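Colleague: Just dropping this structure here.
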Amino acid sequence: MTPARTLALTAIAPLTWGTSYLVTTELLPPDRPLLTATLRALPAGLLLLAIIRLLPRGAWWWKAAILGALNIGAFFALMFVSAYRLPGGVAATLAAVHPLLVTALASGVLGERVAPLARIAAGTGVVGVAMLVLTPGARLDAWGVLAGLGSAATTAAGVLLTKRWGRPVPILAFTGWQLLAGGLVLVLPTLALEGPPPALTATNVLGYAWLAIPGTALAYLAWFSGILRLPASRVSLLSFLTPLTAGALGWAILGQSLSPLQLAGGVTILVAVGVGAYAGREQHRPPVVDAEAPRQRELVGAGT
């Protein structure tokens with residue numbers, strides 16, 4: 001598969017994540033952010049592992065736990081704390097710091113050559129997100145800001161470690177391990193802070209099913225595949241498509257208006273993603289493969 005095609009398929013993930021705001025506000029019960037995070041991750045992880053029937057071996061028990069906590073558990077929890085304590089625009093702008101962190105660290109952590117244009121694109125994308133979603137008079141909350149920056153830092157660390165460690169098994173198992181680990185991390189905080197789940201309507205079930213299967217299982221399959229095949233700094237720029245999709249759906253389905261500044265922000269995001277894709281063409285390297293990859297065949301049949 002060519003790098004351009006891989007990048008296009010990877011973009012499915014942030015585009016799908018952009019539907020989460022619409023689904024959450026229109027289809028799910030209110031004020032249950034941790035429940036939503038848990039029901040996104042656990043069913044998706046269980047589904048993928050039921051298909052592949054492959055469990056971790058050796059060091060991959062703790063590696064999968066760390067990746068799941070960073071990419072899924074901690075990221076989901078901090079993201080929702082930020083979203084509930086800050087206006088949506090502030091939370092989205094803080095989350096958009098993630099590509100900046102990846103481009104800043106990719107060279108030192110992964111040895112990637114990050115093109116200057118890619119760094120410029122990352123900064124431009126953050127500006128575009130701010131133009132798209134920030135509103136005048138947006139209030140700031142210290143804990144919300146820390147949570148927003150924390151969510152950006154955890155997902156950036158998850159991207160870098162995923163790239164560094166590679167994967168020892170098929171992508172279905174690799175993704176399922178992380179989703180299951182991340183979901184398990186969320187179970188106790190969800191029960192302690194929000195109590196048992198409420199009675200769910202058919203509409204609620206439909207919303208959770210969308211978030212768990214297309215919005216998480218399929219989206220993370222595409223995301224991790226892209227991370228492992230392309231430079232991390234190039235893939236991370238695609239995350240700017242999430243707030244762009246959310247804004248477009250709000251306009252098209254909910255009738256939300258978009259000001260000229262917001263439209264300019266959307267165009268800026270598209271330019272940043274396009275520049276990042278162009279700048280990353282010469283960065284492509286073969287995917288990182290874990291040292292345990294030759295043992296992959298030994299793992300088959302180790303599932304439940």
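In the structure tokens, chains take the letters A, B, ... in the order shown, each chain's residues start at 1, and ligands count up from 1 in the order shown.
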Which residues are close to segment 24-31 of chain A, i.e. within 12 Å by only C-alpha atoms, leaving aside same-chain residues fewer than 5 positions away? Reply as a VMD selection string.
Modeller: chain A and resid 17 to 19 36 to 37 39 to 40 80 to 81 83 to 85 190 193 to 195 197 to 211 215 246 250 253 to 254
Colleague: Dump N, CA and C atoms for the selected residues as a compact mmCIF listing (two decimals), in the first residue's frame?
Modeller:
```txt
# COMPACT_ATOMS: atom_id res chain seq x y z
N TRP A 17 -14.01 10.15 14.58
CA TRP A 17 -14.04 10.73 15.94
C TRP A 17 -14.78 12.06 15.96
N GLY A 18 -14.79 12.76 14.84
CA GLY A 18 -15.50 14.03 14.78
C GLY A 18 -17.00 13.90 14.95
N THR A 19 -17.54 12.69 14.79
CA THR A 19 -18.97 12.47 15.00
C THR A 19 -19.32 12.31 16.47
N THR A 36 -19.58 6.85 29.22
CA THR A 36 -19.43 6.90 27.77
C THR A 36 -18.05 6.43 27.35
N ALA A 37 -17.02 6.88 28.06
CA ALA A 37 -15.66 6.46 27.74
C ALA A 37 -15.50 4.95 27.90
N LEU A 39 -17.86 2.58 27.85
CA LEU A 39 -18.63 1.82 26.87
C LEU A 39 -18.14 2.02 25.44
N ARG A 40 -17.29 2.98 25.23
CA ARG A 40 -16.60 3.08 23.94
C ARG A 40 -15.49 2.05 23.85
N PHE A 80 -12.61 13.99 28.75
CA PHE A 80 -13.96 14.30 29.20
C PHE A 80 -13.95 15.26 30.39
N VAL A 81 -12.96 15.15 31.28
CA VAL A 81 -12.85 16.12 32.38
C VAL A 81 -12.66 17.52 31.80
N ALA A 83 -13.56 18.55 28.84
CA ALA A 83 -14.77 18.96 28.12
C ALA A 83 -15.86 19.44 29.08
N TYR A 84 -15.91 18.84 30.28
CA TYR A 84 -16.95 19.22 31.22
C TYR A 84 -16.59 20.46 32.05
N ARG A 85 -15.30 20.75 32.18
CA ARG A 85 -14.90 21.89 33.00
C ARG A 85 -14.58 23.14 32.18
N THR A 190 -15.34 4.91 36.90
CA THR A 190 -16.71 5.12 36.45
C THR A 190 -17.71 4.75 37.54
N LEU A 193 -17.33 7.24 40.69
CA LEU A 193 -17.71 8.63 40.51
C LEU A 193 -19.11 8.82 39.92
N GLU A 194 -19.57 7.84 39.15
CA GLU A 194 -20.88 7.99 38.49
C GLU A 194 -21.90 6.95 38.89
N GLY A 195 -21.47 5.92 39.62
CA GLY A 195 -22.41 4.89 40.04
C GLY A 195 -22.74 3.93 38.91
N PRO A 197 -24.68 2.10 35.77
CA PRO A 197 -25.28 2.70 34.57
C PRO A 197 -26.79 2.89 34.74
N PRO A 198 -27.35 3.93 34.16
CA PRO A 198 -28.80 4.12 34.20
C PRO A 198 -29.49 3.19 33.21
N ALA A 199 -30.81 3.12 33.27
CA ALA A 199 -31.57 2.37 32.27
C ALA A 199 -31.39 3.05 30.92
N LEU A 200 -31.07 2.27 29.92
CA LEU A 200 -30.77 2.82 28.60
C LEU A 200 -31.95 2.65 27.66
N THR A 201 -32.19 3.69 26.87
CA THR A 201 -33.22 3.63 25.84
C THR A 201 -32.63 3.04 24.56
N ALA A 202 -33.49 2.74 23.60
CA ALA A 202 -33.00 2.24 22.31
C ALA A 202 -32.10 3.27 21.63
N THR A 203 -32.43 4.53 21.82
CA THR A 203 -31.60 5.60 21.25
C THR A 203 -30.22 5.61 21.88
N ASN A 204 -30.17 5.45 23.21
CA ASN A 204 -28.88 5.39 23.90
C ASN A 204 -28.04 4.22 23.39
N VAL A 205 -28.66 3.07 23.25
CA VAL A 205 -27.94 1.88 22.78
C VAL A 205 -27.38 2.11 21.38
N LEU A 206 -28.17 2.74 20.53
CA LEU A 206 -27.70 3.05 19.18
C LEU A 206 -26.48 3.97 19.22
N GLY A 207 -26.54 4.98 20.09
CA GLY A 207 -25.42 5.91 20.21
C GLY A 207 -24.16 5.22 20.71
N TYR A 208 -24.29 4.39 21.74
CA TYR A 208 -23.12 3.68 22.27
C TYR A 208 -22.57 2.70 21.23
N ALA A 209 -23.46 2.06 20.47
CA ALA A 209 -23.00 1.12 19.44
C ALA A 209 -22.19 1.85 18.37
N TRP A 210 -22.64 3.04 17.98
CA TRP A 210 -21.88 3.82 17.00
C TRP A 210 -20.50 4.19 17.54
N LEU A 211 -20.47 4.67 18.78
CA LEU A 211 -19.19 5.08 19.36
C LEU A 211 -18.24 3.89 19.52
N GLY A 215 -16.80 4.20 15.74
CA GLY A 215 -16.08 5.30 16.35
C GLY A 215 -14.87 4.91 17.17
N ALA A 246 -16.46 17.83 13.49
CA ALA A 246 -17.48 18.17 14.48
C ALA A 246 -18.17 19.48 14.13
N GLY A 250 -22.13 19.97 13.07
CA GLY A 250 -22.96 20.89 13.82
C GLY A 250 -23.68 21.87 12.91
N ILE A 253 -26.22 19.41 10.45
CA ILE A 253 -27.30 18.63 11.07
C ILE A 253 -28.01 19.41 12.17
N LEU A 254 -27.25 20.14 12.98
CA LEU A 254 -27.86 20.85 14.12
C LEU A 254 -28.21 22.29 13.79
```
Colleague: Each residue of segment 205-268 of chain A lying at most 9 Å from segment 117-120 of chain A should get a row with its shortest atom-to-atom pair and the distance in Å to one decimal, counting only C-alpha atoms; could you produce that, ordered by chain and increasing number, as a Markdown table?
Modeller:
```
| residue | atom | partner | partner_atom | distance |
| --- | --- | --- | --- | --- |
| A:Ser233 | CA | A:Ala118 | CA | 7.4 |
| A:Arg234 | CA | A:Ala118 | CA | 7.2 |
| A:Leu237 | CA | A:Ala118 | CA | 8.4 |
```
Colleague: Show which residues sit within 9 Å of Gly128 of chain A, as an mmCIF file with N, CA and C atoms, in the first residue's frame. Count only C-alpha atoms, and ignore same-chain residues fewer than 6 positions away.
Modeller:
```cif
data_model
loop_
_atom_site.group_PDB
_atom_site.id
_atom_site.type_symbol
_atom_site.label_atom_id
_atom_site.label_comp_id
_atom_site.auth_asym_id
_atom_site.auth_seq_id
_atom_site.Cartn_x
_atom_site.Cartn_y
_atom_site.Cartn_z
ATOM 1 N N PHE A 240 -6.233 17.021 13.462
ATOM 2 C CA PHE A 240 -6.923 18.300 13.288
ATOM 3 C C PHE A 240 -8.252 18.126 12.552
ATOM 4 N N GLN A 262 -14.750 31.424 11.717
ATOM 5 C CA GLN A 262 -14.777 29.974 11.839
ATOM 6 C C GLN A 262 -14.548 29.295 10.488
ATOM 7 N N ALA A 264 -12.832 30.538 8.073
ATOM 8 C CA ALA A 264 -11.405 30.715 7.805
ATOM 9 C C ALA A 264 -10.582 29.717 8.608
ATOM 10 N N GLY A 265 -11.027 29.414 9.843
ATOM 11 C CA GLY A 265 -10.347 28.406 10.654
ATOM 12 C C GLY A 265 -10.414 27.032 10.014
ATOM 13 N N GLY A 266 -11.583 26.693 9.439
ATOM 14 C CA GLY A 266 -11.704 25.405 8.757
ATOM 15 C C GLY A 266 -10.771 25.295 7.570
ATOM 16 N N VAL A 267 -10.682 26.371 6.800
ATOM 17 C CA VAL A 267 -9.765 26.382 5.663
ATOM 18 C C VAL A 267 -8.318 26.262 6.144
ATOM 19 N N THR A 268 -7.990 26.937 7.237
ATOM 20 C CA THR A 268 -6.635 26.875 7.790
ATOM 21 C C THR A 268 -6.279 25.455 8.198
ATOM 22 N N ILE A 269 -7.237 24.738 8.800
ATOM 23 C CA ILE A 269 -6.995 23.347 9.188
ATOM 24 C C ILE A 269 -6.707 22.491 7.963
ATOM 25 N N LEU A 270 -7.510 22.649 6.915
ATOM 26 C CA LEU A 270 -7.291 21.872 5.700
ATOM 27 C C LEU A 270 -5.917 22.166 5.091
ATOM 28 N N ALA A 272 -3.268 23.180 6.753
ATOM 29 C CA ALA A 272 -2.257 22.591 7.642
ATOM 30 C C ALA A 272 -2.111 21.090 7.389
#
```
Colleague: So, with only C-alpha atoms as the atoms that count, which of A:Leu48, A:Thr154, A:Met131, A:Asp141 lies closest to Met79 of chain A?
Modeller: A:Thr154
Colleague: Choose the residue, out of A:Gln256, A:Ser82, A:Ser225, A:Thr216, that has the smallest atom-to-atom separation from Thr162 of chain A; count only C-alpha atoms.
Modeller: A:Ser225
Colleague: Could you produce a table of the residues of segment 155-239 of chain A lying within 9 Å of segment 99-113 of chain A, with the nearest pair of atoms per residue and their separation in Å rounded to one decimal, using only C-alpha atoms, ordered by chain and increasing residue number, as CSV?
Modeller:
```
residue,atom,partner,partner_atom,distance
A:Ala156,CA,A:Val102,CA,5.6
A:Ala157,CA,A:Val102,CA,7.9
A:Val159,CA,A:Val102,CA,7.7
A:Leu160,CA,A:Ala106,CA,7.0
A:Leu161,CA,A:Val109,CA,8.9
A:Lys163,CA,A:Leu110,CA,7.7
A:Arg164,CA,A:Leu110,CA,6.4
A:Pro231,CA,A:Glu112,CA,7.0
A:Ala232,CA,A:Ala106,CA,6.8
A:Ser233,CA,A:Thr103,CA,4.8
A:Arg234,CA,A:Thr103,CA,8.2
A:Val235,CA,A:Pro99,CA,8.6
A:Ser236,CA,A:Pro99,CA,5.0
A:Leu237,CA,A:Pro99,CA,5.5
A:Leu238,CA,A:Pro99,CA,8.5
A:Ser239,CA,A:Pro99,CA,7.5
```
Colleague: Rank A:Ser259, A:Thr2, A:Thr242, A:Thr38 by their smallest atom-to-atom distance to Leu134 of chain A, using only C-alpha atoms, and report the top residue only.
Modeller: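 With only C-alpha atoms as the atom set, the closest residue is A:Ser259.
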